[in-house]
$ cat start_29.cif   # mmCIF, C-alpha atoms
data_run
#
loop_
_atom_site.label_atom_id
_atom_site.label_comp_id
_atom_site.auth_asym_id
_atom_site.auth_seq_id
_atom_site.Cartn_x
_atom_site.Cartn_y
_atom_site.Cartn_z
CA MET A 1081 0.53 2.11 -26.13
CA SER A 1082 2.23 -1.25 -26.55
CA ARG A 1083 0.47 -4.12 -24.79
CA ASN A 1084 3.76 -4.78 -22.98
CA LEU A 1085 3.65 -1.39 -21.24
CA THR A 1086 1.91 -0.53 -17.99
CA GLN A 1087 0.44 2.87 -17.15
CA ILE A 1088 0.99 4.70 -13.87
CA ALA A 1089 -1.14 7.84 -13.54
CA GLY A 1090 -1.29 10.77 -11.12
CA VAL A 1091 1.29 13.32 -10.03
CA HIS A 1092 2.45 11.68 -6.79
CA ALA A 1093 2.48 8.13 -8.15
CA VAL A 1094 4.48 9.17 -11.22
CA ALA A 1095 6.90 11.25 -9.12
CA GLU A 1096 7.71 8.25 -6.91
CA LEU A 1097 8.07 6.05 -9.99
CA LEU A 1098 10.55 8.49 -11.54
CA LYS A 1099 12.53 8.57 -8.29
CA LYS A 1100 12.54 4.82 -7.59
CA ARG A 1101 12.44 3.16 -11.04
CA PRO A 1102 13.32 5.71 -13.73
CA GLY A 1103 14.91 3.02 -15.89
CA ASP A 1104 11.52 1.34 -16.30
CA VAL A 1105 9.78 4.45 -17.67
CA GLN A 1106 9.51 4.63 -21.45
CA ARG A 1107 7.53 7.85 -21.88
CA LEU A 1108 5.94 10.57 -19.80
CA LEU A 1109 2.63 11.83 -21.16
CA LEU A 1110 1.47 15.27 -19.99
CA LYS A 1111 -1.63 17.33 -20.56
CA LYS A 1112 -0.71 20.10 -22.99
CA GLY A 1113 -0.40 23.54 -21.40
CA ARG A 1114 0.14 22.39 -17.85
CA HIS A 1115 3.33 23.98 -16.48
CA ASP A 1116 2.81 24.32 -12.72
CA ALA A 1117 5.51 23.67 -10.13
CA ARG A 1118 4.64 20.01 -9.66
CA ILE A 1119 4.87 19.36 -13.38
CA GLN A 1120 8.21 21.16 -13.52
CA GLY A 1121 9.49 18.80 -10.85
CA LEU A 1122 8.41 15.80 -12.94
CA LEU A 1123 10.05 17.29 -16.04
CA GLN A 1124 13.33 17.69 -14.16
CA LEU A 1125 13.23 14.05 -13.04
CA ALA A 1126 12.41 12.90 -16.57
CA GLU A 1127 15.18 15.01 -18.12
CA LYS A 1128 17.70 13.69 -15.60
CA SER A 1129 16.96 10.13 -16.72
CA GLY A 1130 16.63 10.90 -20.43
CA ILE A 1131 12.93 9.98 -20.54
CA GLU A 1132 10.86 11.10 -23.53
CA VAL A 1133 8.15 13.63 -22.65
CA VAL A 1134 5.07 13.99 -24.88
CA GLU A 1135 2.48 16.73 -24.42
CA LEU A 1136 -1.04 15.83 -25.55
CA GLU A 1137 -4.36 17.60 -25.71
CA LEU A 1138 -6.72 16.38 -23.00
CA VAL A 1139 -8.83 14.40 -25.48
CA GLU A 1140 -5.76 12.54 -26.75
CA LEU A 1141 -4.41 11.94 -23.26
CA GLU A 1142 -7.71 10.42 -22.21
CA LYS A 1143 -7.59 8.08 -25.20
CA HIS A 1144 -4.27 6.79 -23.85
CA CYS A 1145 -5.51 6.70 -20.24
CA PRO A 1146 -9.28 6.65 -19.61
CA ASN A 1147 -8.74 6.44 -15.82
CA PRO A 1148 -8.25 9.53 -13.60
CA HIS A 1149 -4.74 10.86 -14.29
CA GLN A 1150 -4.35 14.52 -13.11
CA GLY A 1151 -2.82 15.28 -16.51
CA VAL A 1152 0.16 12.97 -15.92
CA VAL A 1153 0.69 9.42 -17.21
CA ALA A 1154 3.91 7.37 -17.21
CA GLU A 1155 4.28 4.39 -19.53
CA THR A 1156 6.51 1.82 -17.90
CA ILE A 1157 7.84 -1.53 -19.09
CA ARG A 1158 6.61 -3.33 -15.98
CA ALA A 1159 4.45 -2.78 -12.96
CA ARG A 1160 6.11 -2.89 -9.57
CA GLN A 1161 6.08 -6.43 -8.26
CA ALA A 1162 5.15 -7.46 -4.73
CA GLN A 1163 7.97 -8.94 -2.66
CA SER A 1164 8.22 -12.44 -1.16
CA GLU A 1165 8.36 -13.78 2.38
CA SER A 1166 12.15 -14.12 2.12
CA ASP A 1167 12.28 -10.37 1.41
CA LEU A 1168 10.23 -9.82 4.57
CA GLN A 1169 12.68 -11.83 6.67
CA ALA A 1170 15.60 -9.86 5.22
CA LEU A 1171 13.80 -6.59 5.95
CA LEU A 1172 13.12 -7.63 9.56
CA ASP A 1173 16.75 -8.69 10.03
CA LYS A 1174 17.87 -5.17 9.15
CA LEU A 1175 15.48 -3.25 11.40
CA GLN A 1176 17.10 -1.04 14.01
CA SER A 1177 13.87 -0.51 15.94
CA ASP A 1178 10.77 -2.48 16.93
CA ALA A 1179 8.88 -3.96 13.99
CA PHE A 1180 5.67 -2.17 12.97
CA LEU A 1181 3.78 -4.22 10.39
CA LEU A 1182 0.36 -4.27 8.76
CA ILE A 1183 -1.31 -7.53 7.69
CA LEU A 1184 -4.32 -7.30 5.35
CA ASP A 1185 -6.29 -10.53 5.33
CA GLY A 1186 -8.34 -10.64 2.13
CA VAL A 1187 -8.53 -7.00 1.04
CA THR A 1188 -9.56 -7.52 -2.59
CA ASP A 1189 -10.68 -4.01 -3.54
CA PRO A 1190 -7.74 -2.18 -5.18
CA HIS A 1191 -9.04 1.17 -3.91
CA ASN A 1192 -8.89 -0.12 -0.34
CA LEU A 1193 -5.45 -1.66 -0.85
CA GLY A 1194 -4.14 1.61 -2.29
CA ALA A 1195 -5.61 3.60 0.60
CA CYS A 1196 -4.10 1.17 3.14
CA LEU A 1197 -0.66 1.46 1.51
CA ARG A 1198 -0.88 5.24 1.63
CA THR A 1199 -1.87 5.23 5.30
CA ALA A 1200 0.78 2.64 6.19
CA ASP A 1201 3.45 4.79 4.56
CA ALA A 1202 2.26 7.87 6.45
CA ALA A 1203 2.28 5.95 9.76
CA GLY A 1204 5.83 4.65 9.31
CA VAL A 1205 4.92 0.98 8.85
CA ASN A 1206 7.87 -1.23 7.84
CA ALA A 1207 5.91 -3.46 5.45
CA VAL A 1208 2.39 -4.50 4.44
CA ILE A 1209 1.72 -8.26 4.22
CA VAL A 1210 -1.06 -9.82 2.12
CA PRO A 1211 -1.99 -13.39 1.13
CA LYS A 1212 -1.22 -14.35 -2.45
CA ASP A 1213 -4.68 -15.67 -3.28
CA LYS A 1214 -6.91 -13.32 -1.28
CA SER A 1215 -5.73 -9.83 -2.15
CA ALA A 1216 -5.91 -7.17 -4.80
CA SER A 1217 -2.76 -7.02 -6.92
CA LEU A 1218 -0.55 -4.02 -7.56
CA ASN A 1219 -2.13 -2.25 -10.52
CA ASP A 1220 -2.76 1.27 -11.82
CA THR A 1221 -5.73 1.79 -9.49
CA VAL A 1222 -3.68 0.80 -6.44
CA SER A 1223 -0.82 3.08 -7.52
CA ARG A 1224 -3.13 6.02 -8.18
CA VAL A 1225 -5.00 5.73 -4.87
CA ALA A 1226 -1.75 5.18 -2.95
CA THR A 1227 -0.37 8.47 -4.41
CA GLY A 1228 3.22 7.23 -4.46
CA ALA A 1229 3.14 4.81 -1.53
CA ALA A 1230 2.85 1.84 -3.91
CA GLU A 1231 6.44 2.56 -4.93
CA SER A 1232 7.83 3.23 -1.45
CA MET A 1233 5.96 0.84 0.86
CA PRO A 1234 7.19 -2.80 0.78
CA LEU A 1235 4.22 -5.04 -0.13
CA ILE A 1236 4.88 -8.66 0.83
CA THR A 1237 2.83 -11.45 -0.74
CA VAL A 1238 2.82 -14.77 1.12
CA THR A 1239 1.46 -18.15 0.05
CA ASN A 1240 0.36 -19.21 3.55
CA LEU A 1241 -0.68 -16.28 5.72
CA ALA A 1242 -1.17 -18.34 8.90
CA ARG A 1243 2.34 -19.76 8.58
CA CYS A 1244 3.77 -16.28 8.03
CA MET A 1245 1.94 -15.02 11.13
CA LYS A 1246 3.44 -17.87 13.16
CA SER A 1247 6.94 -16.98 11.91
CA LEU A 1248 6.39 -13.38 13.04
CA GLN A 1249 5.37 -14.60 16.48
CA ASP A 1250 8.53 -16.72 16.61
CA ARG A 1251 10.44 -13.45 16.12
CA GLY A 1252 8.72 -11.94 19.15
CA ILE A 1253 6.26 -9.83 17.14
CA TRP A 1254 2.81 -9.53 18.74
CA LEU A 1255 -0.18 -9.93 16.43
CA ILE A 1256 -3.12 -7.62 17.16
CA GLY A 1257 -6.23 -8.45 15.16
CA THR A 1258 -9.41 -6.41 14.79
CA ALA A 1259 -12.84 -7.97 15.32
CA ASP A 1260 -16.15 -6.18 15.83
CA GLU A 1261 -17.21 -8.53 18.65
CA ALA A 1262 -13.95 -8.30 20.67
CA ASP A 1263 -14.49 -7.11 24.26
CA HIS A 1264 -11.10 -5.38 24.46
CA THR A 1265 -10.95 -2.11 22.52
CA LEU A 1266 -8.15 -0.78 20.35
CA PHE A 1267 -7.63 2.10 22.78
CA GLN A 1268 -7.17 -0.25 25.73
CA GLN A 1269 -4.57 -2.37 23.94
CA ASP A 1270 -0.83 -1.84 24.40
CA LEU A 1271 0.48 -1.18 20.88
CA LYS A 1272 4.08 -0.43 21.78
CA GLY A 1273 6.98 -2.77 21.03
CA PRO A 1274 7.19 -5.12 18.01
CA ILE A 1275 3.67 -5.54 16.60
CA ALA A 1276 1.70 -6.42 13.49
CA LEU A 1277 -1.83 -5.07 13.15
CA VAL A 1278 -4.09 -7.59 11.39
CA MET A 1279 -7.08 -6.21 9.48
CA GLY A 1280 -9.83 -8.34 7.93
CA SER A 1281 -11.53 -8.17 4.55
CA GLU A 1282 -14.13 -5.61 3.49
CA GLY A 1283 -17.07 -7.92 4.12
CA SER A 1284 -16.35 -10.90 6.36
CA GLY A 1285 -13.46 -9.64 8.48
CA LEU A 1286 -10.64 -11.91 9.62
CA ARG A 1287 -10.67 -15.51 8.45
CA ARG A 1288 -10.78 -18.20 11.16
CA LEU A 1289 -7.11 -19.22 10.94
CA SER A 1290 -5.94 -15.62 10.93
CA ARG A 1291 -8.10 -14.87 13.94
CA GLU A 1292 -6.76 -17.92 15.81
CA HIS A 1293 -3.15 -16.87 15.20
CA CYS A 1294 -3.66 -13.41 16.71
CA ASP A 1295 -2.31 -12.82 20.22
CA HIS A 1296 -5.04 -10.26 20.94
CA LEU A 1297 -8.32 -9.27 19.30
CA VAL A 1298 -9.55 -5.69 19.65
CA SER A 1299 -12.57 -3.74 18.51
CA ILE A 1300 -12.95 -0.14 17.38
CA PRO A 1301 -15.72 1.46 19.48
CA MET A 1302 -18.70 2.52 17.36
CA ALA A 1303 -21.07 5.18 18.69
CA GLY A 1304 -23.37 5.70 15.71
CA ALA A 1305 -25.89 3.68 13.73
CA VAL A 1306 -23.36 1.90 11.48
CA SER A 1307 -21.82 -1.29 12.83
CA SER A 1308 -18.39 -1.16 11.17
CA LEU A 1309 -15.94 0.98 9.25
CA ASN A 1310 -14.55 0.59 5.75
CA VAL A 1311 -11.33 -1.44 6.03
CA SER A 1312 -9.10 1.42 4.87
CA VAL A 1313 -10.67 3.80 7.41
CA ALA A 1314 -10.38 1.20 10.19
CA THR A 1315 -6.75 0.64 9.20
CA GLY A 1316 -6.07 4.36 9.52
CA VAL A 1317 -7.66 4.50 12.97
CA ALA A 1318 -5.69 1.47 14.18
CA LEU A 1319 -2.33 2.52 12.72
CA PHE A 1320 -2.45 6.02 14.11
CA GLU A 1321 -3.53 4.85 17.56
CA ALA A 1322 -0.36 2.75 17.42
CA VAL A 1323 1.63 5.80 16.27
CA ARG A 1324 0.21 7.81 19.17
CA GLN A 1325 1.23 5.21 21.71
CA ARG A 1326 4.64 4.49 20.19
CA SER A 1327 5.60 8.17 20.06
#

$ encode --input "start_29.cif" --output "structure tokens"
Amino acid sequence: MSRNLTQIAGVHAVAELLKKRPGDVQRLLLKKGRHDARIQGLLQLAEKSGIEVVELELVELEKHCPNPHQGVVAETIRARQAQSESDLQALLDKLQSDAFLLILDGVTDPHNLGACLRTADAAGVNAVIVPKDKSASLNDTVSRVATGAAESMPLITVTNLARCMKSLQDRGIWLIGTADEADHTLFQQDLKGPIALVMGSEGSGLRRLSREHCDHLVSIPMAGAVSSLNVSVATGVALFEAVRQRS
């Protein structure tokens, strides 16, 4: 593979790539002998866009892509790029319903970022916001774990997260942060209307400025021996409590 190409692996991730950015795909690499329905769907998308398809024995495919791939690898001329704060403002201007946002403050593990993108997409979140210097970047691992959501979910990178949070408040969006020591629980908090859920990093939680800019801090009740949840699991709990209330 040329050093200028990026790999996207996995059936769902490649399917979304072929739907959203087929012009960026140079080749589709498939495990030889795989002809199930999902692969046929990918072949139809590739044929529609005139994309070269190459079947390889598993050993050869794994030389091209040593990471987990489900027998499907797309070679693309560029990885999807995160969007800017101006893109976020344009997105919010176009909304026809109350904003539903997710802010990830310092999630640096690409597996966790991918899982959060996948959950945000499933919950109907409008956009995920991350700081430029304290976040995992969009890469193959994020795309694979997100199973397609990395292509469909707007990921906004901002230079100054505290300033972005203030701009959201100026728009009437309530910021609900999670903190283990908060007295108010997630299930007691009103999560209807325009909101942004703010989740902290894997280890230290919300940074001081992010915490201070939240309108409310809530905790997730813990009944067992462990004191906290993995950030992607906590994000899923928080987002779908919001979904429950909003529906």

$ resolve_selection --input "start_29.cif" --expression "the PyMOL selection byres ((chain A and resi 1253) around 8)" --output "list in words"
Ala1179, Leu1248, Gln1249, Asp1250, Arg1251, Gly1252, Trp1254, Leu1255, Pro1274, Ile1275 and Ala1276 of chain A

$ residues_around --input "start_29.cif" --residues "region 1098-1110 of chain A" --least-positions-apart "6" --cutoff "12 Å" --atoms "all atoms listed in the file" --output "ChimeraX atom specification"
/A:1081-1082,1084-1092,1116,1118-1145,1149-1161,1228-1233

$ resolve_selection --input "start_29.cif" --expression "the PyMOL selection byres ((chain A and resi 1320-1322) around 9)" --output "PyMOL selection string"
chain A and resi 1180+1199+1203+1266-1267+1270-1272+1315-1319+1323-1327

$ write_last_selection --input "start_29.cif" --atoms "C-alpha atoms" --output "PDB file, in the frame of the given file"
ATOM      1  CA  PHE A1180       5.670  -2.170  12.970  1.00  0.00           C
ATOM      2  CA  THR A1199      -1.870   5.230   5.300  1.00  0.00           C
ATOM      3  CA  ALA A1203       2.280   5.950   9.760  1.00  0.00           C
ATOM      4  CA  LEU A1266      -8.150  -0.780  20.350  1.00  0.00           C
ATOM      5  CA  PHE A1267      -7.630   2.100  22.780  1.00  0.00           C
ATOM      6  CA  ASP A1270      -0.830  -1.840  24.400  1.00  0.00           C
ATOM      7  CA  LEU A1271       0.480  -1.180  20.880  1.00  0.00           C
ATOM      8  CA  LYS A1272       4.080  -0.430  21.780  1.00  0.00           C
ATOM      9  CA  THR A1315      -6.750   0.640   9.200  1.00  0.00           C
ATOM     10  CA  GLY A1316      -6.070   4.360   9.520  1.00  0.00           C
ATOM     11  CA  VAL A1317      -7.660   4.500  12.970  1.00  0.00           C
ATOM     12  CA  ALA A1318      -5.690   1.470  14.180  1.00  0.00           C
ATOM     13  CA  LEU A1319      -2.330   2.520  12.720  1.00  0.00           C
ATOM     14  CA  VAL A1323       1.630   5.800  16.270  1.00  0.00           C
ATOM     15  CA  ARG A1324       0.210   7.810  19.170  1.00  0.00           C
ATOM     16  CA  GLN A1325       1.230   5.210  21.710  1.00  0.00           C
ATOM     17  CA  ARG A1326       4.640   4.490  20.190  1.00  0.00           C
ATOM     18  CA  SER A1327       5.600   8.170  20.060  1.00  0.00           C
TER      19      SER A1327
END

$ residues_around --input "start_29.cif" --residues "Thr1237 (chain A)" --least-positions-apart "4" --cutoff "7 Å" --atoms "all atoms listed in the file" --output "ChimeraX atom specification"
/A:1162-1165,1209-1212

$ atom_distance --input "start_29.cif" --atom1 "CA of Val1208 (chain A)" --atom2 "CA of Leu1289 (chain A)"
18.7 Å

$ atom_distance --input "start_29.cif" --atom1 "CA of Gly1194 (chain A)" --atom2 "CA of Val1313 (chain A)"
11.9 Å

$ atom_distance --input "start_29.cif" --atom1 "CA of Ala1093 (chain A)" --atom2 "CA of Asn1147 (chain A)"
13.7 Å

$ closest_residue --input "start_29.cif" --among "A:Gln1169, A:Asn1206, A:Gln1268, A:Ser1308" --to "Pro1234 (chain A)" --atoms "all atoms listed in the file"
A:Asn1206

$ closest_residue --input "start_29.cif" --among "A:His1264, A:Ala1202, A:Leu1171, A:Thr1258" --to "Cys1294 (chain A)" --atoms "all atoms listed in the file"
A:Thr1258

$ residues_around --input "start_29.cif" --residues "Ala1242 (chain A)" --least-positions-apart "5" --cutoff "9 Å" --atoms "all atoms listed in the file" --output "ChimeraX atom specification"
/A:1247,1289-1290,1292-1293

$ closest_residue --input "start_29.cif" --among "A:Arg1288, A:Ala1200, A:Thr1188, A:Asn1219" --to "Ala1314 (chain A)" --atoms "only C-alpha atoms"
A:Ala1200

$ closest_residue --input "start_29.cif" --among "A:Leu1181, A:Leu1241, A:Leu1297, A:Met1302" --to "Ser1215 (chain A)" --atoms "all atoms listed in the file"
A:Leu1241
